[in-house]
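Below: query_36.cif (mmCIF, C-alpha atoms)
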```
data_target
#
loop_
_atom_site.group_PDB
_atom_site.id
_atom_site.type_symbol
_atom_site.label_atom_id
_atom_site.label_comp_id
_atom_site.auth_asym_id
_atom_site.auth_seq_id
_atom_site.Cartn_x
_atom_site.Cartn_y
_atom_site.Cartn_z
ATOM 1 C CA VAL A 1 0.000 0.000 0.000
ATOM 2 C CA LEU A 2 1.334 3.434 -0.917
ATOM 3 C CA CYS A 3 0.795 5.855 1.927
ATOM 4 C CA SER A 4 3.013 8.855 1.430
ATOM 5 C CA ASP A 5 3.243 12.396 0.241
ATOM 6 C CA GLY A 6 5.676 11.475 -2.506
ATOM 7 C CA VAL A 7 8.667 11.165 -0.188
ATOM 8 C CA VAL A 8 8.031 8.134 2.001
ATOM 9 C CA TYR A 9 6.702 4.853 0.679
ATOM 10 C CA GLU A 10 5.360 2.204 3.019
ATOM 11 C CA MET A 11 4.488 -1.230 1.664
ATOM 12 C CA LYS A 12 3.388 -4.512 3.135
ATOM 13 C CA ALA A 13 3.730 -7.750 1.169
ATOM 14 C CA LYS A 14 4.515 -11.426 1.625
ATOM 15 C CA ARG A 15 8.166 -12.143 0.902
ATOM 16 C CA ILE A 16 10.860 -14.742 1.528
ATOM 17 C CA VAL A 17 13.502 -13.696 4.071
ATOM 18 C CA GLY A 18 16.912 -15.188 4.707
ATOM 19 C CA PHE A 19 18.672 -14.112 7.916
ATOM 20 C CA LEU A 20 22.348 -15.136 7.948
ATOM 21 C CA ASP A 21 24.907 -14.786 10.716
ATOM 22 C CA VAL A 22 28.522 -14.757 9.541
ATOM 23 C CA LEU A 23 30.567 -16.560 12.201
ATOM 24 C CA GLY A 24 34.117 -15.357 12.785
ATOM 25 C CA PHE A 25 33.352 -11.826 11.610
ATOM 26 C CA SER A 26 34.857 -10.245 14.739
ATOM 27 C CA ALA A 27 38.196 -11.871 13.906
ATOM 28 C CA LEU A 28 37.919 -10.529 10.367
ATOM 29 C CA VAL A 29 37.371 -6.968 11.655
ATOM 30 C CA SER A 30 40.588 -7.118 13.697
ATOM 31 C CA ARG A 31 42.731 -7.996 10.671
ATOM 32 C CA GLU A 32 44.979 -5.373 9.088
ATOM 33 C CA ASP A 33 43.590 -6.193 5.640
ATOM 34 C CA PHE A 34 39.955 -5.909 6.807
ATOM 35 C CA GLY A 35 39.089 -3.214 4.244
ATOM 36 C CA GLU A 36 40.175 -5.342 1.305
ATOM 37 C CA ARG A 37 38.593 -8.523 2.637
ATOM 38 C CA PHE A 38 35.327 -6.752 3.457
ATOM 39 C CA ALA A 39 35.192 -5.364 -0.080
ATOM 40 C CA ASN A 40 35.537 -8.954 -1.354
ATOM 41 C CA TYR A 41 32.835 -9.978 1.118
ATOM 42 C CA ILE A 42 30.343 -7.434 -0.292
ATOM 43 C CA GLU A 43 31.267 -8.119 -3.908
ATOM 44 C CA LEU A 44 30.764 -11.857 -3.398
ATOM 45 C CA ILE A 45 27.224 -11.287 -2.111
ATOM 46 C CA ARG A 46 26.364 -9.035 -5.066
ATOM 47 C CA ARG A 47 27.833 -11.425 -7.619
ATOM 48 C CA ILE A 48 25.987 -14.463 -6.283
ATOM 49 C CA ILE A 49 22.624 -12.671 -6.125
ATOM 50 C CA LYS A 50 23.094 -11.395 -9.684
ATOM 51 C CA SER A 51 23.811 -14.935 -10.915
ATOM 52 C CA VAL A 52 20.490 -16.220 -9.523
ATOM 53 C CA ASP A 53 17.888 -13.424 -9.404
ATOM 54 C CA GLU A 54 18.673 -9.725 -9.690
ATOM 55 C CA THR A 55 15.340 -8.778 -8.085
ATOM 56 C CA ILE A 56 16.500 -10.189 -4.734
ATOM 57 C CA GLU A 57 17.439 -7.448 -2.256
ATOM 58 C CA HIS A 58 20.066 -7.676 0.444
ATOM 59 C CA THR A 59 21.165 -5.719 3.494
ATOM 60 C CA VAL A 60 24.476 -6.155 5.304
ATOM 61 C CA PHE A 61 25.092 -4.887 8.829
ATOM 62 C CA SER A 62 28.211 -6.055 10.613
ATOM 63 C CA ASP A 63 28.099 -9.869 10.785
ATOM 64 C CA SER A 64 24.490 -10.195 9.592
ATOM 65 C CA ILE A 65 23.106 -10.521 6.063
ATOM 66 C CA VAL A 66 19.410 -10.214 5.216
ATOM 67 C CA ILE A 67 18.251 -11.637 1.874
ATOM 68 C CA LEU A 68 14.795 -10.528 0.698
ATOM 69 C CA SER A 69 12.772 -11.769 -2.278
ATOM 70 C CA LYS A 70 10.490 -9.517 -4.306
ATOM 71 C CA ASN A 71 7.460 -11.781 -3.830
ATOM 72 C CA SER A 72 6.470 -15.007 -2.084
ATOM 73 C CA SER A 73 6.080 -17.859 -4.564
ATOM 74 C CA GLU A 74 7.645 -21.302 -4.697
ATOM 75 C CA GLN A 75 10.056 -19.975 -7.323
ATOM 76 C CA ASP A 76 10.993 -17.036 -5.074
ATOM 77 C CA LEU A 77 11.752 -19.528 -2.298
ATOM 78 C CA ASN A 78 13.852 -21.607 -4.680
ATOM 79 C CA ASN A 79 15.826 -18.527 -5.765
ATOM 80 C CA VAL A 80 16.531 -17.476 -2.157
ATOM 81 C CA VAL A 81 17.575 -21.041 -1.305
ATOM 82 C CA ARG A 82 20.021 -21.096 -4.230
ATOM 83 C CA VAL A 83 21.494 -17.710 -3.259
ATOM 84 C CA VAL A 84 21.959 -18.862 0.346
ATOM 85 C CA SER A 85 23.374 -22.183 -0.888
ATOM 86 C CA ARG A 86 26.130 -20.436 -2.834
ATOM 87 C CA LEU A 87 26.823 -17.903 -0.083
ATOM 88 C CA THR A 88 27.200 -20.725 2.439
ATOM 89 C CA TYR A 89 29.769 -22.491 0.251
ATOM 90 C CA GLU A 90 31.752 -19.460 -0.924
ATOM 91 C CA PHE A 91 31.970 -17.802 2.494
ATOM 92 C CA MET A 92 33.356 -20.990 4.035
ATOM 93 C CA VAL A 93 35.696 -22.055 1.234
ATOM 94 C CA SER A 94 36.839 -18.677 -0.118
ATOM 95 C CA LEU A 95 36.660 -16.471 2.997
ATOM 96 C CA THR A 96 36.889 -19.103 5.796
ATOM 97 C CA LEU A 97 33.726 -17.628 7.309
ATOM 98 C CA PRO A 98 31.038 -20.158 8.314
ATOM 99 C CA ILE A 99 27.392 -19.122 7.960
ATOM 100 C CA LYS A 100 24.484 -19.953 10.260
ATOM 101 C CA GLY A 101 20.945 -18.863 9.475
ATOM 102 C CA CYS A 102 17.306 -19.445 8.667
ATOM 103 C CA ILE A 103 14.904 -18.786 5.769
ATOM 104 C CA ALA A 104 11.364 -17.665 6.680
ATOM 105 C CA GLU A 105 8.277 -16.306 4.891
ATOM 106 C CA GLY A 106 5.488 -13.851 5.642
ATOM 107 C CA ASN A 107 4.365 -10.236 5.628
ATOM 108 C CA ILE A 108 7.136 -7.664 5.459
ATOM 109 C CA SER A 109 6.620 -3.940 5.906
ATOM 110 C CA SER A 110 9.140 -1.722 4.161
ATOM 111 C CA SER A 111 9.595 2.030 4.216
ATOM 112 C CA THR A 112 11.873 4.181 2.074
ATOM 113 C CA SER A 113 12.683 7.868 2.496
ATOM 114 C CA GLY A 114 15.498 9.230 0.403
ATOM 115 C CA LYS A 115 18.544 7.098 1.145
ATOM 116 C CA ASP A 116 16.975 5.626 4.280
ATOM 117 C CA SER A 117 15.091 2.340 4.240
ATOM 118 C CA VAL A 118 13.515 0.187 6.928
ATOM 119 C CA ILE A 119 12.222 -3.383 6.748
ATOM 120 C CA ALA A 120 10.355 -5.173 9.530
ATOM 121 C CA GLY A 121 7.961 -8.026 10.086
ATOM 122 C CA PRO A 122 7.331 -11.372 11.796
ATOM 123 C CA PRO A 123 9.409 -13.410 9.275
ATOM 124 C CA ILE A 124 12.552 -11.458 10.163
ATOM 125 C CA VAL A 125 11.954 -12.118 13.862
ATOM 126 C CA GLU A 126 11.258 -15.800 13.151
ATOM 127 C CA ALA A 127 14.369 -16.207 10.982
ATOM 128 C CA TYR A 128 16.510 -14.464 13.612
ATOM 129 C CA ARG A 129 15.071 -16.622 16.398
ATOM 130 C CA TYR A 130 15.817 -19.888 14.604
ATOM 131 C CA GLU A 131 19.262 -18.656 13.533
ATOM 132 C CA GLN A 132 20.127 -17.906 17.144
ATOM 133 C CA ALA A 133 18.773 -21.263 18.336
ATOM 134 C CA GLN A 134 20.842 -23.455 16.015
ATOM 135 C CA ASN A 135 23.879 -25.017 17.633
ATOM 136 C CA TRP A 136 25.820 -25.882 14.491
ATOM 137 C CA VAL A 137 26.961 -24.382 11.189
ATOM 138 C CA GLY A 138 24.070 -24.427 8.749
ATOM 139 C CA VAL A 139 20.953 -22.754 7.365
ATOM 140 C CA MET A 140 17.518 -24.220 8.064
ATOM 141 C CA ILE A 141 14.080 -23.543 6.613
ATOM 142 C CA SER A 142 11.546 -22.319 9.173
ATOM 143 C CA PRO A 143 8.548 -24.577 9.893
ATOM 144 C CA ASN A 144 6.259 -21.771 8.711
ATOM 145 C CA VAL A 145 7.777 -21.972 5.210
ATOM 146 C CA LEU A 146 7.158 -25.725 5.101
ATOM 147 C CA ARG A 147 3.516 -25.181 6.052
ATOM 148 C CA THR A 148 3.124 -22.590 3.281
ATOM 149 C CA PHE A 149 4.971 -24.586 0.593
ATOM 150 C CA ARG A 150 4.024 -28.148 1.505
ATOM 151 C CA GLY A 151 5.329 -29.705 -1.701
ATOM 152 C CA VAL A 152 8.905 -28.606 -1.057
ATOM 153 C CA VAL A 153 9.623 -31.440 1.414
ATOM 154 C CA GLN A 154 8.778 -34.096 -1.183
ATOM 155 C CA LYS A 155 10.758 -32.296 -3.889
ATOM 156 C CA SER A 156 13.866 -32.066 -1.710
ATOM 157 C CA GLU A 157 14.352 -35.781 -1.105
ATOM 158 C CA VAL A 158 17.260 -37.809 -2.476
ATOM 159 C CA LYS A 159 16.354 -41.496 -2.733
ATOM 160 C CA GLY A 160 18.254 -43.414 -0.050
ATOM 161 C CA HIS A 161 18.597 -40.472 2.342
ATOM 162 C CA ARG A 162 16.816 -41.796 5.465
ATOM 163 C CA THR A 163 14.269 -39.076 6.044
ATOM 164 C CA VAL A 164 10.847 -38.695 4.428
ATOM 165 C CA PRO A 165 8.574 -41.761 4.180
ATOM 166 C CA GLU A 166 8.834 -43.433 0.772
ATOM 167 C CA ASP A 167 5.214 -42.714 -0.202
ATOM 168 C CA MET A 168 5.746 -38.950 0.289
ATOM 169 C CA ILE A 169 8.672 -38.654 -2.116
ATOM 170 C CA ASP A 170 8.273 -37.125 -5.575
ATOM 171 C CA TYR A 171 11.023 -38.437 -7.868
ATOM 172 C CA HIS A 172 10.124 -36.340 -10.885
ATOM 173 C CA ASP A 173 12.494 -33.668 -12.178
ATOM 174 C CA ASN A 174 13.095 -31.855 -8.894
ATOM 175 C CA THR A 175 16.857 -31.456 -9.103
ATOM 176 C CA GLN A 176 16.488 -27.679 -8.632
ATOM 177 C CA TRP A 177 15.288 -28.505 -5.114
ATOM 178 C CA LYS A 178 16.970 -31.708 -3.975
ATOM 179 C CA TYR A 179 20.486 -30.605 -4.935
ATOM 180 C CA HIS A 180 20.200 -27.367 -2.943
ATOM 181 C CA LEU A 181 17.927 -28.368 -0.068
ATOM 182 C CA GLN A 182 17.775 -31.549 2.008
ATOM 183 C CA TYR A 183 15.777 -32.962 4.888
ATOM 184 C CA CYS A 184 17.725 -33.185 8.150
ATOM 185 C CA TYR A 185 16.637 -35.237 11.152
ATOM 186 C CA MET A 186 19.266 -33.797 13.492
ATOM 187 C CA ILE A 187 19.157 -29.976 13.498
ATOM 188 C CA PRO A 188 20.501 -29.037 16.960
ATOM 189 C CA LEU A 189 18.425 -26.273 18.555
ATOM 190 C CA ARG A 190 18.761 -24.592 21.920
ATOM 191 C CA GLY A 191 16.650 -22.055 23.779
ATOM 192 C CA PHE A 192 13.321 -23.646 22.842
ATOM 193 C CA ASP A 193 12.662 -25.106 26.320
ATOM 194 C CA ILE A 194 13.918 -28.508 25.238
ATOM 195 C CA ASP A 195 16.813 -30.739 26.156
ATOM 196 C CA PRO A 196 19.874 -29.213 24.358
ATOM 197 C CA ASP A 197 20.893 -32.712 23.255
ATOM 198 C CA ARG A 198 17.614 -33.256 21.400
ATOM 199 C CA THR A 199 17.403 -32.411 17.719
ATOM 200 C CA PHE A 200 14.855 -30.842 15.372
ATOM 201 C CA HIS A 201 13.613 -32.293 12.065
ATOM 202 C CA GLY A 202 13.439 -29.963 9.063
ATOM 203 C CA LEU A 203 14.952 -28.879 5.760
ATOM 204 C CA CYS A 204 18.468 -27.452 5.488
ATOM 205 C CA VAL A 205 20.341 -25.697 2.685
ATOM 206 C CA LEU A 206 23.217 -27.547 1.028
ATOM 207 C CA PRO A 207 26.427 -25.572 0.378
ATOM 208 C CA ARG A 208 26.947 -25.339 -3.392
ATOM 209 C CA SER A 209 29.645 -23.633 -5.441
ATOM 210 C CA SER A 210 27.485 -23.331 -8.557
ATOM 211 C CA LEU A 211 23.979 -23.834 -9.918
ATOM 212 C CA SER A 212 25.003 -27.099 -11.615
ATOM 213 C CA LEU A 213 22.483 -29.932 -11.229
ATOM 214 C CA ASP A 214 25.005 -32.649 -12.085
ATOM 215 C CA PRO A 215 25.109 -35.108 -9.138
ATOM 216 C CA SER A 216 28.902 -35.344 -9.404
ATOM 217 C CA ALA A 217 29.104 -31.549 -8.958
ATOM 218 C CA VAL A 218 26.939 -31.839 -5.835
ATOM 219 C CA ILE A 219 29.305 -34.477 -4.422
ATOM 220 C CA ASP A 220 32.378 -32.366 -5.241
ATOM 221 C CA ASP A 221 30.810 -29.302 -3.588
ATOM 222 C CA ILE A 222 30.031 -31.218 -0.396
ATOM 223 C CA LYS A 223 33.571 -32.615 -0.305
ATOM 224 C CA GLY A 224 35.050 -29.138 -0.842
ATOM 225 C CA TYR A 225 32.918 -27.645 1.908
ATOM 226 C CA LEU A 226 33.715 -30.504 4.302
ATOM 227 C CA ALA A 227 37.453 -30.028 3.717
ATOM 228 C CA ALA A 228 37.146 -26.338 4.651
ATOM 229 C CA LEU A 229 34.910 -27.246 7.597
ATOM 230 C CA GLU A 230 37.496 -29.679 8.955
ATOM 231 C CA LYS A 231 40.176 -26.969 8.897
ATOM 232 C CA GLU A 232 37.908 -24.623 10.827
ATOM 233 C CA ARG A 233 37.158 -27.361 13.346
ATOM 234 C CA LEU A 234 40.885 -27.731 14.059
ATOM 235 C CA TYR A 235 41.100 -23.997 14.810
ATOM 236 C CA ALA A 236 38.015 -24.043 17.081
ATOM 237 C CA PRO A 237 38.900 -22.701 20.554
ATOM 238 C CA ASP A 238 37.003 -25.291 22.619
ATOM 239 C CA ILE A 239 35.186 -28.621 22.467
ATOM 240 C CA GLY A 240 31.785 -26.911 22.255
ATOM 241 C CA ALA A 241 32.798 -25.137 19.066
ATOM 242 C CA GLN A 242 34.236 -28.351 17.623
ATOM 243 C CA VAL A 243 30.966 -30.184 18.313
ATOM 244 C CA LYS A 244 29.115 -27.602 16.183
ATOM 245 C CA TYR A 245 31.284 -28.450 13.198
ATOM 246 C CA GLU A 246 30.927 -32.177 13.810
ATOM 247 C CA LYS A 247 27.125 -31.990 13.732
ATOM 248 C CA THR A 248 27.289 -30.239 10.373
ATOM 249 C CA ARG A 249 29.799 -32.783 9.051
ATOM 250 C CA LEU A 250 27.528 -35.701 9.963
ATOM 251 C CA PHE A 251 24.562 -34.196 8.112
ATOM 252 C CA LEU A 252 26.511 -33.366 4.942
ATOM 253 C CA HIS A 253 28.328 -36.712 4.942
ATOM 254 C CA ASP A 254 24.948 -38.452 5.112
ATOM 255 C CA VAL A 255 23.668 -36.441 2.130
ATOM 256 C CA GLN A 256 26.875 -37.099 0.195
ATOM 257 C CA LYS A 257 26.474 -40.863 0.623
ATOM 258 C CA ALA A 258 22.843 -40.707 -0.509
ATOM 259 C CA VAL A 259 23.745 -38.754 -3.684
ATOM 260 C CA GLU A 260 26.589 -41.171 -4.418
ATOM 261 C CA GLN A 261 24.267 -44.172 -4.008
ATOM 262 C CA THR A 262 21.620 -42.582 -6.223
ATOM 263 C CA THR A 263 24.206 -41.768 -8.894
ATOM 264 C CA SER A 264 25.638 -45.309 -8.801
ATOM 265 C CA LEU A 265 22.133 -46.770 -9.125
ATOM 266 C CA THR A 266 21.344 -44.534 -12.108
ATOM 267 C CA VAL A 267 24.600 -45.509 -13.876
ATOM 268 C CA TYR A 268 23.869 -49.200 -13.217
ATOM 269 C CA GLN A 269 20.324 -48.912 -14.605
ATOM 270 C CA GLU A 270 21.508 -47.060 -17.719
ATOM 271 C CA ALA A 271 24.216 -49.660 -18.329
ATOM 272 C CA ASN A 272 21.656 -52.487 -18.101
ATOM 273 C CA LYS A 273 19.368 -50.718 -20.578
ATOM 274 C CA ALA A 274 22.214 -50.611 -23.051
#
```
Go ahead and render the structure in this file as structure tokens.
Amino acid sequence: VLCSDGVVYEMKAKRIVGFLDVLGFSALVSREDFGERFANYIELIRRIIKSVDETIEHTVFSDSIVILSKNSSEQDLNNVVRVVSRLTYEFMVSLTLPIKGCIAEGNISSSTSGKDSVIAGPPIVEAYRYEQAQNWVGVMISPNVLRTFRGVVQKSEVKGHRTVPEDMIDYHDNTQWKYHLQYCYMIPLRGFDIDPDRTFHGLCVLPRSSLSLDPSAVIDDIKGYLAALEKERLYAPDIGAQVKYEKTRLFLHDVQKAVEQTTSLTVYQEANKA
């Protein structure tokens, strides 16, 4: 809704929101080459968004990144997921900066006046809350998104990955989803009045270096991310920090095995047809 005198515009619309926390940012700020590295940091975000969907907006403040879609459709969700997927990979592998976050959906109010802009709404609060609650390195999809886009769970399943019941899985051409987003039965959450050792079931973003839908590229991306993750785990200051990395490693290793098994099965079936 436009409610202004020509200077201030206030709008309310359903949009997809990604709230990302860049871990290790404080160490980056203390470096002598911070200016140069931060410029690379910003340029990387811009380049990745441009490669997926130029209509996606982003805001960076200190160690937080907010990704905002133009609308709220299944395709908008897919585009935000792919942007976050590439950011997760590139920040870890290229900048040695792990990302933790959440993608949510709902009504966003935005206001612009000259060079000033403000965005606010329940999805931002929800995404921030789940980002803060996660006790690992990863980006999850909020339960509210899964309720809104119910078909996404089925589209994100790799055959052999022990998650969704067999009769719920859609094995049609859903590579845009399943090679960027996977079901996880062990998302570690804290601060939700539950035992900290208990885990949450949901969908999580896979770290990807490109938009390639070749299964071998997915496997290579997971291996590359895991190699960078292992280095960061060695530098972790305490056992609690190391456990965070281990939980992420277990999830990605599980997905890697499932993709490898699916690829091997496909090759076997094609060979028998010949």
(request) Run the PyMOL selection byres ((chain A and resi 221) around 12) mentally over the shown coordinates, then write out the matched residues as a PyMOL selection string, using the chain letters and numbers from the document. (result) chain A and resi 85-86+88-90+92-93+179-180+206-220+222-228+252-253+255-256+259
(request) Measure the distance from atom CA of A:Glu131 to atom CA of A:Ile103 in Å and round it to one decimal. (result)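 Between these atoms lies a distance of 8.9 Å.
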Give one line per residue of stretch 67-142 of chain A that approaches stretch 10-20 of chain A to at most 10 Å, naming the two atoms of the closest pair and their distance in Å to one decimal, counting all atoms listed in the file; sort by chain then ascending residue number and deliver it as JSON lines.
```
{"residue": "A:Ile67", "atom": "CA", "partner": "A:Gly18", "partner_atom": "CA", "distance": 4.7}
{"residue": "A:Leu68", "atom": "CA", "partner": "A:Val17", "partner_atom": "CA", "distance": 4.8}
{"residue": "A:Ser69", "atom": "CA", "partner": "A:Ile16", "partner_atom": "CA", "distance": 5.2}
{"residue": "A:Lys70", "atom": "CA", "partner": "A:Arg15", "partner_atom": "CA", "distance": 6.3}
{"residue": "A:Asn71", "atom": "CA", "partner": "A:Arg15", "partner_atom": "CA", "distance": 4.8}
{"residue": "A:Ser72", "atom": "CA", "partner": "A:Arg15", "partner_atom": "CA", "distance": 4.5}
{"residue": "A:Ser73", "atom": "CA", "partner": "A:Arg15", "partner_atom": "CA", "distance": 8.2}
{"residue": "A:Glu74", "atom": "CA", "partner": "A:Ile16", "partner_atom": "CA", "distance": 9.6}
{"residue": "A:Asp76", "atom": "CA", "partner": "A:Ile16", "partner_atom": "CA", "distance": 7.0}
{"residue": "A:Leu77", "atom": "CA", "partner": "A:Ile16", "partner_atom": "CA", "distance": 6.2}
{"residue": "A:Asn78", "atom": "CA", "partner": "A:Ile16", "partner_atom": "CA", "distance": 9.7}
{"residue": "A:Asn79", "atom": "CA", "partner": "A:Ile16", "partner_atom": "CA", "distance": 9.6}
{"residue": "A:Val80", "atom": "CA", "partner": "A:Gly18", "partner_atom": "CA", "distance": 7.2}
{"residue": "A:Val81", "atom": "CA", "partner": "A:Gly18", "partner_atom": "CA", "distance": 8.4}
{"residue": "A:Val83", "atom": "CA", "partner": "A:Gly18", "partner_atom": "CA", "distance": 9.5}
{"residue": "A:Val84", "atom": "CA", "partner": "A:Gly18", "partner_atom": "CA", "distance": 7.6}
{"residue": "A:Leu87", "atom": "CA", "partner": "A:Leu20", "partner_atom": "CA", "distance": 9.6}
{"residue": "A:Thr88", "atom": "CA", "partner": "A:Leu20", "partner_atom": "CA", "distance": 9.2}
{"residue": "A:Ile99", "atom": "CA", "partner": "A:Leu20", "partner_atom": "CA", "distance": 6.4}
{"residue": "A:Lys100", "atom": "CA", "partner": "A:Leu20", "partner_atom": "CA", "distance": 5.8}
{"residue": "A:Gly101", "atom": "CA", "partner": "A:Leu20", "partner_atom": "CA", "distance": 4.3}
{"residue": "A:Cys102", "atom": "CA", "partner": "A:Phe19", "partner_atom": "CA", "distance": 5.6}
{"residue": "A:Ile103", "atom": "CA", "partner": "A:Gly18", "partner_atom": "CA", "distance": 4.3}
{"residue": "A:Ala104", "atom": "CA", "partner": "A:Val17", "partner_atom": "CA", "distance": 5.2}
{"residue": "A:Glu105", "atom": "CA", "partner": "A:Ile16", "partner_atom": "CA", "distance": 4.5}
{"residue": "A:Gly106", "atom": "CA", "partner": "A:Lys14", "partner_atom": "CA", "distance": 4.8}
{"residue": "A:Asn107", "atom": "CA", "partner": "A:Lys14", "partner_atom": "CA", "distance": 4.2}
{"residue": "A:Ile108", "atom": "CA", "partner": "A:Lys12", "partner_atom": "CA", "distance": 5.4}
{"residue": "A:Ser109", "atom": "CA", "partner": "A:Lys12", "partner_atom": "CA", "distance": 4.3}
{"residue": "A:Ser110", "atom": "CA", "partner": "A:Met11", "partner_atom": "CA", "distance": 5.3}
{"residue": "A:Ser111", "atom": "CA", "partner": "A:Glu10", "partner_atom": "CA", "distance": 4.4}
{"residue": "A:Thr112", "atom": "CA", "partner": "A:Glu10", "partner_atom": "CA", "distance": 6.9}
{"residue": "A:Ser113", "atom": "CA", "partner": "A:Glu10", "partner_atom": "CA", "distance": 9.3}
{"residue": "A:Ser117", "atom": "CA", "partner": "A:Glu10", "partner_atom": "CA", "distance": 9.8}
{"residue": "A:Val118", "atom": "CA", "partner": "A:Glu10", "partner_atom": "CA", "distance": 9.3}
{"residue": "A:Ile119", "atom": "CA", "partner": "A:Met11", "partner_atom": "CA", "distance": 9.5}
{"residue": "A:Ala120", "atom": "CA", "partner": "A:Lys12", "partner_atom": "CA", "distance": 9.5}
{"residue": "A:Gly121", "atom": "CA", "partner": "A:Lys12", "partner_atom": "CA", "distance": 9.0}
{"residue": "A:Pro123", "atom": "CA", "partner": "A:Val17", "partner_atom": "CA", "distance": 6.6}
{"residue": "A:Ile124", "atom": "CA", "partner": "A:Val17", "partner_atom": "CA", "distance": 6.6}
{"residue": "A:Val125", "atom": "CA", "partner": "A:Phe19", "partner_atom": "CA", "distance": 9.2}
{"residue": "A:Glu126", "atom": "CA", "partner": "A:Phe19", "partner_atom": "CA", "distance": 9.2}
{"residue": "A:Ala127", "atom": "CA", "partner": "A:Phe19", "partner_atom": "CA", "distance": 5.7}
{"residue": "A:Tyr128", "atom": "CA", "partner": "A:Phe19", "partner_atom": "CA", "distance": 6.1}
{"residue": "A:Arg129", "atom": "CA", "partner": "A:Phe19", "partner_atom": "CA", "distance": 9.6}
{"residue": "A:Tyr130", "atom": "CA", "partner": "A:Phe19", "partner_atom": "CA", "distance": 9.3}
{"residue": "A:Glu131", "atom": "CA", "partner": "A:Phe19", "partner_atom": "CA", "distance": 7.2}
{"residue": "A:Gln132", "atom": "CA", "partner": "A:Leu20", "partner_atom": "CA", "distance": 9.9}
{"residue": "A:Gly138", "atom": "CA", "partner": "A:Leu20", "partner_atom": "CA", "distance": 9.5}
{"residue": "A:Val139", "atom": "CA", "partner": "A:Leu20", "partner_atom": "CA", "distance": 7.8}
{"residue": "A:Met140", "atom": "CA", "partner": "A:Gly18", "partner_atom": "CA", "distance": 9.7}
{"residue": "A:Ile141", "atom": "CA", "partner": "A:Gly18", "partner_atom": "CA", "distance": 9.0}
{"residue": "A:Ser142", "atom": "CA", "partner": "A:Gly18", "partner_atom": "CA", "distance": 10.0}
```
(request) Quick one: pull the distance between atom CA of A:Phe200 and atom CA of A:Gln261, Å, one decimal. (result) 25.3 Å
(request) Counting all atoms listed in the file, figure out which residue out of A:Ser51, A:Asn40, A:Asn144, A:Thr96 gets nearest to A:Glu230. (result) A:Thr96
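Considering the residues A:Pro237, A:Pro143, A:Pro122, A:Gly24 and counting all atoms listed in the file, A:His201 has its shortest atom-to-atom contact with A:Pro143.
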(message) Quick check, in Å to one decimal: how far apart do atom CA of A:Ser94 and atom CA of A:Gln242 lie?
(response)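 Calculated distance between atom CA of A:Ser94 and atom CA of A:Gln242 is 20.4 Å.
Distances to A:Phe38 were evaluated for A:Val66, A:Val205, A:Val152, A:Leu95 using all atoms listed in the file, and the minimum falls at A:Leu95.
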